[in-house]
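Colleague: What follows is a single structure, and I will ask about it in a moment.
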Amino acid sequence: MSLTLAHPAFKTSSESLGAWASACLVAELETYPKPGLVSHRDQGAHHDMNAALLRLSARSLEPFFSHLAAAGAEDADLDQLRRIGIVAEQAMLRATGGVNTHRGAIFGLGLLCAAMGLRQAHSNITLRLGELVAFRWGMAIADAPANMASNGAIVARRFRVGGARAEAVAGFPSAYAIALPALRAGRRMAPENAEAERIQACMALIAQLDDTNLLHRGGATGLAFAQDAATGFLAAGGIAAPDWHRRAEAIHAAFVARNLSPGGTADLLAMALFLDPLEA
Ligand SMILES: CC(C)(COP(=O)(O)OP(=O)(O)OC[C@H]1O[C@@H](n2cnc3c(N)ncnc32)[C@H](O[C@H]2O[C@H](COP(=O)(O)OP(=O)(O)OP(=O)(O)O)[C@@H](O)[C@H]2O)[C@@H]1O)[C@@H](O)C(=O)NCCC(=O)NCCS
Ligand SMILES: Nc1ncnc2[nH]cnc12
């Protein structure tokens with residue numbers, strides 16, 4: 001399925017930014033075959049999530065993304081953003097019956113919404129949104145007490161990788177340096193196929209990201225398997241190769257067989273879709 005996203009106007013209200021962030025979560029979902037992840041076609045390597053649940057979750061988050069954009073416009077500090085983020089997590093868990101569908105996305109997209117609000121409120125700010133997150137809230141994110149019991153924090157310690165918080169502190173380098181260029185290169189390779197360009201960005205992310213979900217489910221071996229598979233896909237031409245869809249499906253099946261799911265990649269893909277019309 002090829003979902004066309006209606007981009008928001010360059011200067012836009014908090015409400016339409018919230019709608020845009022939520023639409024990007026749905027576009028990420030409506031992308032097949034993403035290795036191991038849930039899509040409109042199947043549940044990937046997940047037993048407690050499906051497309052309907054992820055749509056509900058995305059819809060439940062829209063007002064919170066708007067609220068975060070409005071808070072950013074008021075130059076809110078991290079404590080204020082965190083309070084909104086925590087209420088958003090609770091709304092997500094209510095909408096999904098307790099399943100963690102979008103916790104990482106609330107954090108990453110939420111910070112980008114706040115940064116967009118802040119940037120629009122001050123015409124002299126020319127930083128990219130990721131740089132603005134790092135500049136305005138990065139130090140506070142780095143200093144905030146980590147939830148030592150979360151899957152992400154446990155594997156980040158064990159395997160000495162950064163995870164979601166480090167990504168934010170650094171200004172989302174994986175979204176800017178990996179996902180956005182791959183998305184735009186994918187658009188040139190397949191101008192009429194928006195779903196294919198999302199697969200190109202997804203594979204580029206899996207190939208390079210230290211995804212704490214892959215580490216949680218598959219350890220270092222699982223992460224290496226995933227990175228090698230995605231690297232092979234890209235080296236064979238990515239979505240420009242004539243048989244790309246069959247090869248992506250085979251990788252998806254191999255992830256499902258190993259119970260691997262790159263949840264961090266899913267979030268960063270949605271973030272790249274969000275940034276695409278907002279950053280030159
Ligand atoms: C900072 C928080 C995001 C908490 O992060 P923490 O590191 O403590 O860990 P997790 O709770 O594990 O969440 C991190 C999620 O971030 C995504 N992610 C993974 N790797 C990366 C990466 N390298 N870069 C960026 N993002 C990454 C990923 O999210 C997706 O996976 C979620 C499903 O995870 P899980 O339930 O573990 O999945 P399963 O494998 O299915 O588990 P099992 O059932 O098998 O056990 C899903 O939500 C995706 O979104 C990581 O999971 C943040 O939550 C926080 O501090 N919040 C407080 C509020 C706040 O400060 N907000 C600021 C303003 S909005
Ligand atoms: N498509 C997806 N599949 C599994 N986990 C996710 N978290 C965010 N999007 C996801």
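Labels used: A, B, ... for chains in the order of the structure tokens, numbers from 1 for residues in each chain, and numbers from 1 for ligands as shown.
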Please identify all protein, DNA and RNA residues within 7 Å of ligand 1, counting only C-alpha atoms and all ligand atoms, and report them as a VMD selection string.

Modeller: chain A and resid 46 78 81 to 86 100 to 108 110 to 111 146 to 148 150 to 153 162 to 165 167 209 to 213 216 to 217 261 263 to 268

Colleague: Write out as a PyMOL selection string all residues of segment 60-201 of chain A that DSSP puts in alpha helix (DSSP H) for this structure's backbone.

Modeller: chain A and resi 60-73+78-96+103-121+129-143+151-159+163-169+173+180-189+194-201

Colleague: Would you mind reading off the distance between atom CA of Glu74 of chain A and atom CA of Ser174 of chain A, one decimal, in Å?

Modeller: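 Going from atom CA of Glu74 of chain A over to atom CA of Ser174 of chain A, I get 27.4 Å.
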
Colleague: Would you work out the distance separating atom CA of Ala71 of chain A from atom CA of Leu132 of chain A, expressed in Å to one decimal?

Modeller: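 Separation between atom CA of Ala71 of chain A and atom CA of Leu132 of chain A: 14.4 Å.
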
Colleague: Distance atom CA of Arg41 of chain A-atom 6 (C, counted along the ligand's line) of ligand 2, one decimal place?

Modeller: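 Between atom CA of Arg41 of chain A and atom 6 (C, counted along the ligand's line) of ligand 2 the gap works out to 13.9 Å.
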
Colleague: Pro242 of chain A: which residues within 12 Å, counting only C-alpha atoms, same-chain residues fewer than 4 positions away excluded, as a list in words?

Modeller: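 The residues satisfying every condition are Met189, Ala190, Phe233, Ala236, Gly237, Gly238, Arg246, Arg247 and Ala248 of chain A.
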
Colleague: So, with only C-alpha atoms and all ligand atoms as the atoms that count, which of A:Val155, A:Ala134, A:Leu214, A:Ile251 lies closest to ligand 2?

Modeller: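 Result for the nearest residue to ligand 2: A:Leu214.
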
Colleague: Kindly indicate which residue among A:Ala226, A:Leu234, A:Leu54, A:Leu127 lies nearest to Val99 of chain A, using only C-alpha atoms for the distances.

Modeller: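 Of the candidates, the smallest distance to Val99 of chain A is held by A:Leu54.
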
Colleague: Ala115 of chain A: which residues within 12 Å, counting only C-alpha atoms, same-chain residues fewer than 6 positions away excluded, as a count of residues only?

Modeller: 38
